[in-house]
>>> print(open('work_21.txt').read())   # compact mmCIF, C-alpha atoms
# COMPACT_ATOMS: atom_id res chain seq x y z
CA MET A 1317 0.16 25.49 9.87
CA GLY A 1318 -1.79 28.16 8.01
CA ASP A 1319 1.21 29.36 5.98
CA PHE A 1320 2.26 25.79 5.22
CA ALA A 1321 -1.24 24.87 4.08
CA ARG A 1322 -1.39 27.94 1.85
CA ARG A 1323 1.96 27.07 0.26
CA ILE A 1324 0.77 23.54 -0.49
CA GLU A 1325 -2.50 24.91 -1.86
CA SER A 1326 -0.78 27.41 -4.15
CA ALA A 1327 1.66 24.77 -5.43
CA THR A 1328 -1.08 22.29 -6.34
CA PRO A 1329 -2.19 22.19 -10.00
CA ALA A 1330 -5.79 23.29 -10.44
CA ASP A 1331 -6.75 20.12 -12.31
CA ARG A 1332 -5.27 17.73 -9.78
CA ASP A 1333 -7.62 14.97 -8.61
CA ARG A 1334 -7.11 15.27 -4.87
CA ALA A 1335 -9.45 12.38 -4.13
CA VAL A 1336 -6.92 9.96 -5.60
CA ASP A 1337 -4.28 11.19 -3.17
CA ALA A 1338 -6.76 10.89 -0.31
CA LEU A 1339 -7.59 7.30 -1.24
CA ARG A 1340 -3.89 6.45 -1.26
CA ALA A 1341 -3.44 8.11 2.13
CA LEU A 1342 -6.38 6.19 3.59
CA ALA A 1343 -4.97 2.94 2.25
CA ILE A 1344 -1.59 3.66 3.83
CA LEU A 1345 -3.14 4.48 7.19
CA GLY A 1346 -5.16 1.28 7.01
CA VAL A 1347 -2.05 -0.83 6.44
CA VAL A 1348 -0.09 0.89 9.20
CA LEU A 1349 -2.83 0.73 11.82
CA GLY A 1350 -3.70 -2.81 10.77
CA HIS A 1351 -0.15 -4.05 11.33
CA TRP A 1352 0.16 -2.20 14.61
CA LEU A 1353 -3.11 -3.63 15.94
CA VAL A 1354 -2.98 -7.24 14.76
CA THR A 1355 0.75 -7.91 15.19
CA ALA A 1356 2.31 -8.59 18.57
CA LEU A 1357 5.91 -9.33 19.54
CA VAL A 1358 5.65 -11.66 22.52
CA VAL A 1359 8.62 -12.18 24.85
CA ASP A 1360 8.85 -15.76 26.07
CA SER A 1361 11.89 -17.13 27.93
CA GLY A 1362 14.15 -14.47 26.48
CA THR A 1363 12.99 -15.05 22.90
CA MET A 1364 10.76 -12.70 20.93
CA HIS A 1365 8.25 -14.16 18.49
CA GLY A 1366 5.26 -12.93 16.54
CA ALA A 1367 1.64 -13.48 17.52
CA SER A 1368 -1.74 -12.16 16.45
CA PRO A 1369 -4.78 -11.25 18.56
CA LEU A 1370 -6.96 -12.53 15.70
CA ARG A 1371 -5.94 -16.08 16.56
CA HIS A 1372 -6.81 -15.77 20.25
CA LEU A 1373 -9.70 -13.30 19.87
CA PRO A 1374 -11.52 -14.24 16.63
CA GLY A 1375 -14.24 -11.73 17.44
CA LEU A 1376 -11.79 -9.05 16.32
CA ALA A 1377 -12.03 -10.19 12.69
CA PRO A 1378 -14.09 -7.09 11.71
CA VAL A 1379 -10.99 -5.00 12.47
CA SER A 1380 -9.33 -6.64 9.47
CA TRP A 1381 -12.30 -5.62 7.30
CA LEU A 1382 -11.60 -1.97 8.04
CA LEU A 1383 -7.81 -2.02 7.96
CA GLN A 1384 -6.93 -4.42 5.14
CA THR A 1385 -6.82 -1.84 2.36
CA LEU A 1386 -4.46 -3.36 -0.21
CA ALA A 1387 -7.12 -3.45 -2.92
CA VAL A 1388 -7.32 0.35 -2.76
CA PHE A 1389 -3.54 0.51 -3.25
CA PHE A 1390 -3.81 -1.51 -6.44
CA LEU A 1391 -6.89 0.39 -7.63
CA VAL A 1392 -5.02 3.70 -7.36
CA GLY A 1393 -1.89 2.08 -8.78
CA GLY A 1394 -3.76 0.91 -11.86
CA LEU A 1395 -5.31 4.34 -12.34
CA VAL A 1396 -2.06 6.27 -12.06
CA GLY A 1397 0.00 3.67 -13.92
CA ALA A 1398 -2.34 3.62 -16.90
CA ARG A 1399 -2.54 7.43 -17.02
CA SER A 1400 1.22 7.76 -16.70
CA HIS A 1401 1.90 5.30 -19.50
CA ALA A 1402 -0.72 6.93 -21.74
CA GLY A 1403 0.86 10.33 -21.09
CA ALA A 1404 4.33 8.97 -21.85
CA ARG A 1405 3.15 7.48 -25.14
CA ALA A 1406 1.43 10.73 -26.09
CA GLY A 1407 4.70 12.57 -25.44
CA GLY A 1408 6.73 10.16 -27.54
CA GLU A 1409 8.53 8.62 -24.57
CA SER A 1410 9.66 5.03 -25.01
CA TYR A 1411 8.38 2.20 -22.82
CA GLY A 1412 11.90 1.50 -21.56
CA ARG A 1413 12.47 5.06 -20.41
CA TRP A 1414 9.04 5.20 -18.79
CA LEU A 1415 9.61 1.91 -16.96
CA ARG A 1416 13.08 2.87 -15.75
CA ALA A 1417 11.71 6.04 -14.21
CA ARG A 1418 8.88 4.15 -12.52
CA MET A 1419 11.11 1.38 -11.18
CA SER A 1420 13.77 3.78 -9.94
CA ARG A 1421 11.34 5.65 -7.73
CA LEU A 1422 9.55 2.49 -6.65
CA LEU A 1423 12.57 0.35 -5.74
CA ARG A 1424 15.11 2.84 -4.36
CA PRO A 1425 13.48 3.27 -0.88
CA PRO A 1426 13.11 -0.51 -0.22
CA ALA A 1427 16.80 -0.98 -1.00
CA VAL A 1428 17.61 1.26 1.98
CA VAL A 1429 15.41 -0.86 4.26
CA LEU A 1430 17.14 -4.04 3.14
CA VAL A 1431 20.59 -2.56 3.74
CA VAL A 1432 19.74 -1.15 7.17
CA TRP A 1433 18.10 -4.34 8.38
CA THR A 1434 20.83 -6.57 6.99
CA VAL A 1435 23.34 -4.59 9.03
CA ALA A 1436 21.01 -4.64 12.05
CA ALA A 1437 20.58 -8.41 11.81
CA CYS A 1438 24.35 -8.94 11.66
CA VAL A 1439 24.87 -6.66 14.67
CA MET A 1440 22.19 -8.46 16.69
CA LEU A 1441 23.61 -11.88 15.91
CA ALA A 1442 27.14 -10.73 16.72
CA SER A 1443 25.96 -9.31 20.07
CA GLY A 1444 24.37 -12.61 21.10
CA VAL A 1445 20.70 -12.15 20.25
CA ASP A 1446 19.21 -15.57 19.54
CA GLN A 1447 18.49 -16.50 15.95
CA ASP A 1448 14.75 -17.00 16.48
CA THR A 1449 14.35 -13.42 17.67
CA VAL A 1450 16.39 -12.01 14.79
CA ARG A 1451 14.41 -14.13 12.33
CA ALA A 1452 11.07 -12.94 13.78
CA LEU A 1453 12.09 -9.27 13.61
CA CYS A 1454 13.46 -9.47 10.07
CA LYS A 1455 10.38 -11.32 8.87
CA LEU A 1456 8.18 -8.63 10.35
CA VAL A 1457 10.03 -5.92 8.41
CA TRP A 1458 10.70 -7.76 5.16
CA SER A 1459 7.47 -9.69 4.66
CA PRO A 1460 5.41 -6.61 3.62
CA LEU A 1461 7.86 -6.07 0.76
CA TRP A 1462 6.05 -8.77 -1.24
CA PHE A 1463 3.53 -6.03 -2.03
CA LEU A 1464 6.17 -4.00 -3.83
CA VAL A 1465 7.35 -7.00 -5.86
CA VAL A 1466 3.80 -7.66 -7.10
CA PHE A 1467 3.18 -3.97 -7.70
CA ALA A 1468 6.41 -3.64 -9.69
CA ALA A 1469 5.44 -6.63 -11.85
CA LEU A 1470 1.99 -5.22 -12.58
CA THR A 1471 3.48 -1.80 -13.31
CA ALA A 1472 5.85 -3.35 -15.83
CA ALA A 1473 2.90 -5.12 -17.45
CA THR A 1474 0.76 -1.97 -17.62
CA PRO A 1475 0.83 -1.75 -21.45
CA LEU A 1476 -0.53 -5.31 -21.61
CA VAL A 1477 -3.08 -5.21 -18.80
CA ALA A 1478 -4.30 -1.60 -19.12
CA LYS A 1479 -7.18 -2.73 -21.34
CA LEU A 1480 -7.71 -6.13 -19.74
CA HIS A 1481 -11.22 -6.61 -18.33
CA PRO A 1482 -11.13 -7.36 -14.57
CA LEU A 1483 -13.37 -10.40 -15.10
CA TRP A 1484 -10.47 -12.30 -16.69
CA PRO A 1485 -8.14 -12.31 -13.65
CA PHE A 1486 -11.21 -12.75 -11.42
CA ALA A 1487 -12.06 -15.93 -13.34
CA VAL A 1488 -8.50 -17.18 -12.84
CA VAL A 1489 -8.79 -16.71 -9.07
CA LEU A 1490 -12.14 -18.54 -9.09
CA VAL A 1491 -10.74 -21.52 -11.02
CA VAL A 1492 -7.62 -21.73 -8.85
CA ASP A 1493 -9.71 -21.73 -5.66
CA LEU A 1494 -12.00 -24.41 -7.07
CA TYR A 1495 -8.96 -26.59 -7.70
CA ARG A 1496 -7.40 -25.75 -4.32
CA PHE A 1497 -10.37 -26.26 -2.06
CA GLY A 1498 -12.74 -28.33 -4.19
CA LEU A 1499 -10.32 -30.84 -5.69
CA ASP A 1500 -7.45 -30.64 -3.18
CA ALA A 1501 -5.00 -29.64 -5.90
CA PRO A 1502 -1.32 -29.13 -4.97
CA GLY A 1503 -0.67 -25.95 -3.02
CA ASP A 1504 1.80 -24.64 -5.61
CA LEU A 1505 -1.12 -23.81 -7.87
CA ALA A 1506 -2.21 -21.14 -5.41
CA ALA A 1507 0.80 -18.99 -6.34
CA ILE A 1508 -1.05 -17.98 -9.50
CA ASN A 1509 -3.43 -15.98 -7.33
CA VAL A 1510 -0.62 -13.70 -6.11
CA ALA A 1511 -0.66 -12.03 -9.51
CA ALA A 1512 -4.25 -12.71 -10.57
CA GLY A 1513 -5.79 -11.61 -7.28
CA TRP A 1514 -4.21 -8.15 -7.28
CA LEU A 1515 -4.59 -7.79 -11.01
CA VAL A 1516 -8.35 -7.47 -10.45
CA PRO A 1517 -8.24 -4.07 -8.65
CA TYR A 1518 -5.28 -2.98 -10.81
CA CYS A 1519 -7.41 -3.56 -13.94
CA LEU A 1520 -10.28 -1.72 -12.29
CA GLY A 1521 -7.95 1.23 -11.79
CA ALA A 1522 -6.93 1.12 -15.44
CA ALA A 1523 -10.60 1.05 -16.43
CA TRP A 1524 -11.16 4.04 -14.15
CA SER A 1525 -8.43 5.91 -16.05
CA ARG A 1526 -10.43 5.34 -19.24
CA GLY A 1527 -13.56 6.81 -17.67
CA GLU A 1528 -15.42 3.50 -17.40
CA LEU A 1529 -16.22 3.66 -13.68
CA ARG A 1530 -17.70 7.14 -13.42
CA SER A 1531 -21.30 6.27 -12.48
CA ARG A 1532 -22.38 5.85 -8.88
CA ARG A 1533 -24.29 2.75 -9.99
CA THR A 1534 -20.95 1.08 -10.73
CA GLY A 1535 -19.67 1.98 -7.28
CA TRP A 1536 -22.76 0.62 -5.55
CA THR A 1537 -22.69 -2.54 -7.66
CA LEU A 1538 -19.09 -3.25 -6.69
CA LEU A 1539 -19.67 -2.40 -3.04
CA LEU A 1540 -22.88 -4.37 -2.51
CA GLY A 1541 -22.04 -7.23 -4.86
CA GLY A 1542 -18.55 -7.66 -3.42
CA ALA A 1543 -19.80 -7.50 0.17
CA ALA A 1544 -22.57 -10.03 -0.50
CA ALA A 1545 -20.17 -12.43 -2.25
CA THR A 1546 -17.64 -12.16 0.58
CA ALA A 1547 -20.30 -12.82 3.21
CA ALA A 1548 -21.49 -15.87 1.29
CA LEU A 1549 -17.97 -17.25 0.94
CA VAL A 1550 -17.27 -16.80 4.65
CA LEU A 1551 -20.62 -18.11 5.91
CA TRP A 1552 -21.19 -21.02 3.53
CA ALA A 1553 -17.95 -21.82 1.73
CA GLY A 1554 -15.65 -22.03 4.74
CA TYR A 1555 -13.35 -19.10 3.96
CA PRO A 1556 -11.75 -17.41 7.01
CA ALA A 1557 -13.48 -14.30 8.33
CA ALA A 1558 -10.19 -12.42 8.83
CA MET A 1559 -8.99 -10.67 5.69
CA VAL A 1560 -5.36 -10.72 6.84
CA GLY A 1561 -2.93 -13.51 7.59
CA VAL A 1562 -3.27 -15.15 11.00
CA PRO A 1563 -0.31 -17.21 12.29
CA GLY A 1564 -1.09 -20.86 12.88
CA VAL A 1565 -4.30 -21.14 10.85
CA ALA A 1566 -4.66 -23.66 8.04
CA VAL A 1567 -5.94 -21.20 5.41
CA SER A 1568 -5.02 -17.54 4.99
CA ASN A 1569 -7.11 -15.19 2.89
CA LEU A 1570 -4.06 -13.10 2.06
CA ASP A 1571 -1.18 -15.52 1.45
CA PRO A 1572 -1.94 -16.16 -1.34
CA PRO A 1573 -5.09 -14.13 -2.09
CA THR A 1574 -8.27 -16.17 -2.04
CA LEU A 1575 -11.53 -15.57 -3.84
CA ALA A 1576 -12.90 -14.10 -0.60
CA VAL A 1577 -10.22 -11.41 -0.36
CA VAL A 1578 -10.72 -10.58 -4.05
CA THR A 1579 -14.49 -10.12 -3.65
CA PHE A 1580 -13.79 -8.14 -0.50
CA GLY A 1581 -11.42 -5.99 -2.56
CA LEU A 1582 -14.19 -5.37 -5.11
CA ALA A 1583 -16.35 -4.05 -2.28
CA GLN A 1584 -13.49 -1.79 -1.17
CA CYS A 1585 -13.02 -0.50 -4.71
CA GLY A 1586 -16.73 0.28 -4.91
CA ALA A 1587 -16.54 2.19 -1.65
CA ALA A 1588 -13.49 4.08 -2.91
CA LEU A 1589 -15.31 5.13 -6.08
CA LEU A 1590 -18.29 6.33 -4.07
CA LEU A 1591 -16.03 8.33 -1.77
CA THR A 1592 -14.33 10.30 -4.53
CA GLY A 1593 -17.03 12.97 -4.70
CA PRO A 1594 -17.16 13.68 -0.94
CA LEU A 1595 -13.35 13.58 -0.77
CA ARG A 1596 -12.98 16.14 -3.56
CA ARG A 1597 -15.35 18.48 -1.76
CA ALA A 1598 -13.64 18.00 1.62
CA LEU A 1599 -10.17 18.52 0.19
CA ARG A 1600 -11.02 22.00 -1.01
CA ARG A 1601 -10.04 22.98 2.52
CA PRO A 1602 -6.35 23.90 2.42
CA ALA A 1603 -5.58 22.55 5.89
CA LEU A 1604 -7.01 19.10 5.17
CA TRP A 1605 -5.36 18.97 1.74
CA ALA A 1606 -2.01 19.87 3.32
CA VAL A 1607 -2.28 16.85 5.63
CA VAL A 1608 -3.11 14.50 2.75
CA ALA A 1609 -0.40 15.93 0.49
CA THR A 1610 2.23 15.69 3.23
CA LEU A 1611 1.39 12.07 3.94
CA ASN A 1612 1.57 11.23 0.24
CA LEU A 1613 5.00 12.84 -0.04
CA SER A 1614 6.26 10.32 2.53
CA ALA A 1615 3.90 7.46 1.72
CA MET A 1616 6.60 4.96 0.79
CA THR A 1617 8.67 5.87 3.84
CA VAL A 1618 5.67 5.39 6.12
CA PHE A 1619 4.87 2.04 4.52
CA LEU A 1620 8.43 0.74 4.67
CA TRP A 1621 9.37 1.87 8.17
CA HIS A 1622 6.20 1.50 10.23
CA GLN A 1623 7.13 -1.99 11.38
CA THR A 1624 10.60 -0.78 12.32
CA ALA A 1625 8.98 1.93 14.43
CA MET A 1626 6.90 -0.66 16.28
CA ILE A 1627 9.96 -2.86 16.82
CA ALA A 1628 11.97 0.10 18.14
CA VAL A 1629 9.30 0.93 20.72
CA THR A 1630 8.95 -2.73 21.68
CA ALA A 1631 12.71 -3.18 22.16
CA THR A 1632 13.05 0.10 24.07
CA GLY A 1633 10.17 -0.82 26.35
CA LEU A 1634 11.71 -4.19 27.10
CA TRP A 1635 15.08 -2.60 27.86
CA VAL A 1636 13.63 0.14 30.09
CA GLY A 1637 10.66 -1.43 31.82
CA GLY A 1638 10.76 -5.17 31.22
CA THR A 1639 7.71 -7.05 29.99
CA LEU A 1640 4.91 -4.54 29.44
CA PRO A 1641 1.21 -5.24 28.75
CA GLY A 1642 0.10 -4.63 25.19
CA LEU A 1643 3.71 -4.59 24.04
CA HIS A 1644 5.33 -7.90 25.04
CA THR A 1645 2.44 -9.97 26.39
CA LEU A 1646 0.35 -12.61 24.62
CA PRO A 1647 -2.64 -10.99 22.86
CA ASP A 1648 -5.21 -13.38 24.30
CA GLU A 1649 -7.56 -11.09 26.21
CA PRO A 1650 -9.49 -7.86 25.64
CA GLY A 1651 -7.19 -6.03 28.03
CA TRP A 1652 -4.37 -6.47 25.55
CA VAL A 1653 -6.34 -4.54 22.92
CA ALA A 1654 -6.85 -1.60 25.29
CA ALA A 1655 -3.16 -1.61 26.21
CA ARG A 1656 -2.10 -1.79 22.57
CA LEU A 1657 -4.26 1.22 21.69
CA ALA A 1658 -2.41 3.16 24.38
CA TRP A 1659 0.90 2.35 22.68
CA LEU A 1660 -0.14 3.70 19.27
CA PRO A 1661 1.06 7.29 19.97
CA ALA A 1662 4.52 5.91 20.83
CA PHE A 1663 4.56 3.95 17.56
CA ALA A 1664 3.55 7.09 15.68
CA ALA A 1665 6.32 9.13 17.33
CA ALA A 1666 8.92 6.51 16.39
CA LEU A 1667 7.58 6.45 12.84
CA LEU A 1668 7.92 10.24 12.64
CA ILE A 1669 11.60 9.87 13.54
CA CYS A 1670 12.01 7.25 10.80
CA ARG A 1671 10.28 9.57 8.35
CA LEU A 1672 12.65 12.41 9.16
CA ALA A 1673 15.64 10.10 8.78
CA PHE A 1674 14.72 8.32 5.55
CA ARG A 1675 12.27 10.46 3.58
CA GLY A 1676 15.08 11.82 1.41
CA TYR A 1677 15.37 8.46 -0.35
CA GLU A 1678 11.77 8.77 -1.51
CA ARG A 1679 12.04 12.21 -3.07
CA GLN A 1680 12.19 12.34 -6.83
CA ARG A 1681 15.63 13.27 -8.10
CA PRO A 1682 15.80 16.08 -10.62
CA ALA A 1683 15.74 14.77 -14.14
CA ARG A 1684 18.86 15.23 -16.21
CA THR A 1685 18.73 18.12 -18.61
CA ARG A 1686 18.11 16.88 -22.12
CA SER A 1687 18.84 18.50 -25.42
CA LEU A 1688 15.98 19.47 -27.63
CA VAL A 1689 14.71 16.64 -29.77
CA VAL A 1690 12.22 16.64 -32.56
CA ARG A 1691 8.98 14.83 -31.74
CA ALA A 1692 5.81 14.82 -33.78
CA GLY A 1693 7.29 17.43 -36.10
CA ARG A 1694 8.18 19.98 -33.41
CA PRO A 1695 10.90 20.42 -30.78
CA ALA A 1696 10.06 19.09 -27.34
CA PRO A 1697 10.60 21.54 -24.47
CA PRO A 1698 13.34 20.85 -21.95
CA VAL A 1699 12.36 18.75 -18.92
CA ALA A 1700 12.75 21.69 -16.57
CA ALA A 1701 10.22 23.71 -18.56
CA ARG A 1702 7.60 21.03 -18.16
CA ARG A 1703 7.89 20.61 -14.38
CA VAL A 1704 5.48 22.28 -12.03
CA PRO A 1705 7.43 24.84 -9.96
CA GLY A 1706 7.62 24.50 -6.22
CA PRO A 1707 6.61 21.59 -4.00
CA SER A 1708 3.84 20.45 -6.34
CA ARG A 1709 6.37 18.61 -8.50
CA ASP A 1710 6.81 16.09 -5.67
CA LEU A 1711 3.12 15.59 -5.04
CA PRO A 1712 1.84 12.16 -6.16
CA SER A 1713 -0.40 12.65 -9.12
CA GLY A 1714 -3.90 11.49 -9.75
CA ARG A 1715 -4.08 13.14 -13.16
CA ALA A 1716 -2.34 12.53 -16.43
CA GLY A 1717 0.28 15.07 -17.32
CA HIS A 1718 1.79 15.40 -13.84
CA GLU A 1719 4.64 13.17 -12.80
CA PRO A 1720 3.38 10.82 -10.07
CA ASN A 1721 5.24 9.84 -6.96
CA GLU A 1722 5.23 6.12 -7.56
CA GLY A 1723 6.65 5.38 -4.18
CA ALA A 1724 3.36 6.39 -2.65
CA GLU A 1725 1.33 3.95 -4.61
>>> encode(input="work_21.txt", output="structure tokens")
Amino acid sequence: MGDFARRIESATPADRDRAVDALRALAILGVVLGHWLVTALVVDSGTMHGASPLRHLPGLAPVSWLLQTLAVFFLVGGLVGARSHAGARAGGESYGRWLRARMSRLLRPPAVVLVVWTVAACVMLASGVDQDTVRALCKLVWSPLWFLVVFAALTAATPLVAKLHPLWPFAVVLVVDLYRFGLDAPGDLAAINVAAGWLVPYCLGAAWSRGELRSRRTGWTLLLGGAAATAALVLWAGYPAAMVGVPGVAVSNLDPPTLAVVTFGLAQCGAALLLTGPLRRALRRPALWAVVATLNLSAMTVFLWHQTAMIAVTATGLWVGGTLPGLHTLPDEPGWVAARLAWLPAFAAALLICRLAFRGYERQRPARTRSLVVRAGRPAPPVAARRVPGPSRDLPSGRAGHEPNEGAE
């Protein structure tokens, strides 16, 4: 571990903002642990269907406050996207070329998931697995991909939204919710919040890239103001306490995003900004930085395959030992939570296998060698001359001038 950590340390650019990578890693871990803890695959009369302990044990709602970290994803995405586009413009790179590079690295790994699970679904149906079970498993794997669709759309719109004040999309979410819940407007109107809701932290990230969120006062304002607004919406406006989707409930805070999840995201963004200083100091330790850097190198793989890992353990357990507590039973009692915690190491081991099998699809492919071209009155250096040697070229960037690993965002 010592030699590996030293290699990562020596390959890391001196001006790299390691706190950005740490925030991304924390967001990924939050999503993974959140799905593993609040999603159950219950076996009932030979059919497997999804269930959530949050529906049967509403007292667990605070778990969703800790593990619903999507706002941090979009905050970091806005920061890196705006810096990347600004760096591309400064280097004379066209918007089309910049966008193609971003989309290639963002969309290639999900394509593998879709292919693998399409084949798996066909095999299961052909072998006699009932359609409800196949539908439940595929939904569990494919439903998180909505995040990538929204992220890709916001990335494409970066030149337009990079200077947009976050209050504008926030106002859109507010108006939509007033129509939805105050005037009983048609539910189709809520779809606007899918873009507007996540545009708020994305715009905050873009503002961060311009140096507008540097003061600790801004971080505390977002944290305390967002937390107070969320508490008020939950206690007095009737919004659900859980910040994730709960099967069977009338209103979900996440599908589509509500005003409550947006204000909660503001609080998360404030906390993230306040953590940057301590994270930078902590990540001066090579061993800790090596862990963060390694996770970021496989961030997209971890995100895309963590549900598959849980399904693999669940199916193997059913095949080997039958119905097992915390794995196949209804999550309606505290004992289920304790049993599920005991299964987390098995999920992690299965995810490690998935990482080893599929991480190659996430790695950035070497850029094609280009001939010298004249830009700004002088020849531009070849691509190879501008890349950071060694493993640092694959590290996701938090600073302009280094090529980010978009799949990790």
>>> closest_residue(input="work_21.txt", among="A:Leu1345, A:Ala1442, A:Leu1415, A:Ala1666", to="Ala1468 of chain A", atoms="only C-alpha atoms")
A:Leu1415
>>> closest_residue(input="work_21.txt", among="A:Thr1537, A:Ser1400, A:Asn1612, A:Thr1328", to="Leu1589 of chain A", atoms="all atoms listed in the file")
A:Thr1537
>>> closest_residue(input="work_21.txt", among="A:Val1492, A:Trp1514, A:Gly1362, A:Pro1425", to="Gly1444 of chain A", atoms="all atoms listed in the file")
A:Gly1362
>>> atom_distance(input="work_21.txt", atom1="atom CA of Ala1662 of chain A", atom2="atom CA of Val1629 of chain A")
6.9 Å
>>> atom_distance(input="work_21.txt", atom1="atom CA of Trp1484 of chain A", atom2="atom CA of Tyr1518 of chain A")
12.2 Å
>>> closest_atom_pairs(input="work_21.txt", of="segment 1337-1365 of chain A", to="segment 1551-1570 of chain A", cutoff="10 Å", atoms="all atoms listed in the file", output="CSV")
residue,atom,partner,partner_atom,distance
A:Gly1350,CA,A:Val1560,CA,9.0
A:His1351,CA,A:Val1560,CA,9.6
A:Val1354,CA,A:Val1562,CA,8.8
A:Thr1355,CA,A:Val1562,CA,9.3
>>> residues_around(input="work_21.txt", residues="Tyr1495 of chain A", least_positions_apart="4", cutoff="12 Å", atoms="all atoms listed in the file", output="MDAnalysis selection string")
chainID A and resid 1488:1491 1499:1506 1508:1509 1574:1575
>>> residues_near_point(input="work_21.txt", point="(6.5, -8.2, 20.0)", cutoff="10 Å", atoms="only C-alpha atoms", output="number ranges by chain")
A: 1355-1360, 1363-1368, 1449, 1452-1453, 1456, 1626-1627, 1629-1631, 1634, 1642-1647
>>> residues_around(input="work_21.txt", residues="Gly1593 of chain A", least_positions_apart="6", cutoff="12 Å", atoms="all atoms listed in the file", output="PyMOL selection string")
chain A and resi 1333-1336+1338-1339+1530-1532+1535+1587+1599-1600
>>> atom_distance(input="work_21.txt", atom1="atom CA of Leu1376 of chain A", atom2="atom CA of Val1516 of chain A")
27.0 Å
>>> closest_atom_pairs(input="work_21.txt", of="segment 1318-1364 of chain A", to="segment 1616-1621 of chain A", cutoff="12 Å", atoms="all atoms listed in the file", output="JSON lines")
{"residue": "A:Arg1340", "atom": "CA", "partner": "A:Met1616", "partner_atom": "CA", "distance": 10.8}
{"residue": "A:Ala1341", "atom": "CA", "partner": "A:Val1618", "partner_atom": "CA", "distance": 10.3}
{"residue": "A:Ala1343", "atom": "CA", "partner": "A:Phe1619", "partner_atom": "CA", "distance": 10.1}
{"residue": "A:Ile1344", "atom": "CA", "partner": "A:Phe1619", "partner_atom": "CA", "distance": 6.7}
{"residue": "A:Leu1345", "atom": "CA", "partner": "A:Phe1619", "partner_atom": "CA", "distance": 8.8}
{"residue": "A:Gly1346", "atom": "CA", "partner": "A:Phe1619", "partner_atom": "CA", "distance": 10.4}
{"residue": "A:Val1347", "atom": "CA", "partner": "A:Phe1619", "partner_atom": "CA", "distance": 7.7}
{"residue": "A:Val1348", "atom": "CA", "partner": "A:Phe1619", "partner_atom": "CA", "distance": 6.9}
{"residue": "A:Leu1349", "atom": "CA", "partner": "A:Phe1619", "partner_atom": "CA", "distance": 10.7}
{"residue": "A:Gly1350", "atom": "CA", "partner": "A:Phe1619", "partner_atom": "CA", "distance": 11.7}
{"residue": "A:His1351", "atom": "CA", "partner": "A:Phe1619", "partner_atom": "CA", "distance": 10.4}
{"residue": "A:Trp1352", "atom": "CA", "partner": "A:Phe1619", "partner_atom": "CA", "distance": 11.9}
>>> closest_residue(input="work_21.txt", among="A:Gly1521, A:Gly1513, A:Pro1369, A:Gly1633", to="Gly1586 of chain A", atoms="all atoms listed in the file")
A:Gly1521
>>> residues_around(input="work_21.txt", residues="Met1419 of chain A", least_positions_apart="3", cutoff="9 Å", atoms="only C-alpha atoms", output="MDAnalysis selection string")
chainID A and resid 1414:1416 1422:1424 1468 1471:1472 1722
>>> residues_around(input="work_21.txt", residues="Trp1458 of chain A", least_positions_apart="6", cutoff="12 Å", atoms="all atoms listed in the file", output="list in words")
Pro1426, Ala1427, Val1428, Val1429, Leu1430, Val1431, Val1432, Trp1433, Thr1434, Ala1437, Val1450, Arg1451, Ala1452, Leu1464, Val1465, Phe1619, Leu1620, Trp1621, His1622, Gln1623 and Thr1624 of chain A
>>> write_last_selection(input="work_21.txt", atoms="C-alpha atoms", output="compact mmCIF listing (two decimals), in the frame of the given file")
# COMPACT_ATOMS: atom_id res chain seq x y z
CA PRO A 1426 13.11 -0.51 -0.22
CA ALA A 1427 16.80 -0.98 -1.00
CA VAL A 1428 17.61 1.26 1.98
CA VAL A 1429 15.41 -0.86 4.26
CA LEU A 1430 17.14 -4.04 3.14
CA VAL A 1431 20.59 -2.56 3.74
CA VAL A 1432 19.74 -1.15 7.17
CA TRP A 1433 18.10 -4.34 8.38
CA THR A 1434 20.83 -6.57 6.99
CA ALA A 1437 20.58 -8.41 11.81
CA VAL A 1450 16.39 -12.01 14.79
CA ARG A 1451 14.41 -14.13 12.33
CA ALA A 1452 11.07 -12.94 13.78
CA LEU A 1464 6.17 -4.00 -3.83
CA VAL A 1465 7.35 -7.00 -5.86
CA PHE A 1619 4.87 2.04 4.52
CA LEU A 1620 8.43 0.74 4.67
CA TRP A 1621 9.37 1.87 8.17
CA HIS A 1622 6.20 1.50 10.23
CA GLN A 1623 7.13 -1.99 11.38
CA THR A 1624 10.60 -0.78 12.32
>>> residues_around(input="work_21.txt", residues="Gln1584 of chain A", least_positions_apart="2", cutoff="7 Å", atoms="only C-alpha atoms", output="list of chain:residue names")
A:Ala1387, A:Val1388, A:Leu1539, A:Phe1580, A:Gly1581, A:Leu1582, A:Gly1586, A:Ala1587, A:Ala1588
>>> closest_residue(input="work_21.txt", among="A:Ala1628, A:Leu1342, A:Ala1655, A:Leu1668", to="Ala1436 of chain A", atoms="all atoms listed in the file")
A:Ala1628
>>> closest_residue(input="work_21.txt", among="A:Ala1522, A:Leu1591, A:Cys1670, A:Leu1494", to="His1401 of chain A", atoms="all atoms listed in the file")
A:Ala1522
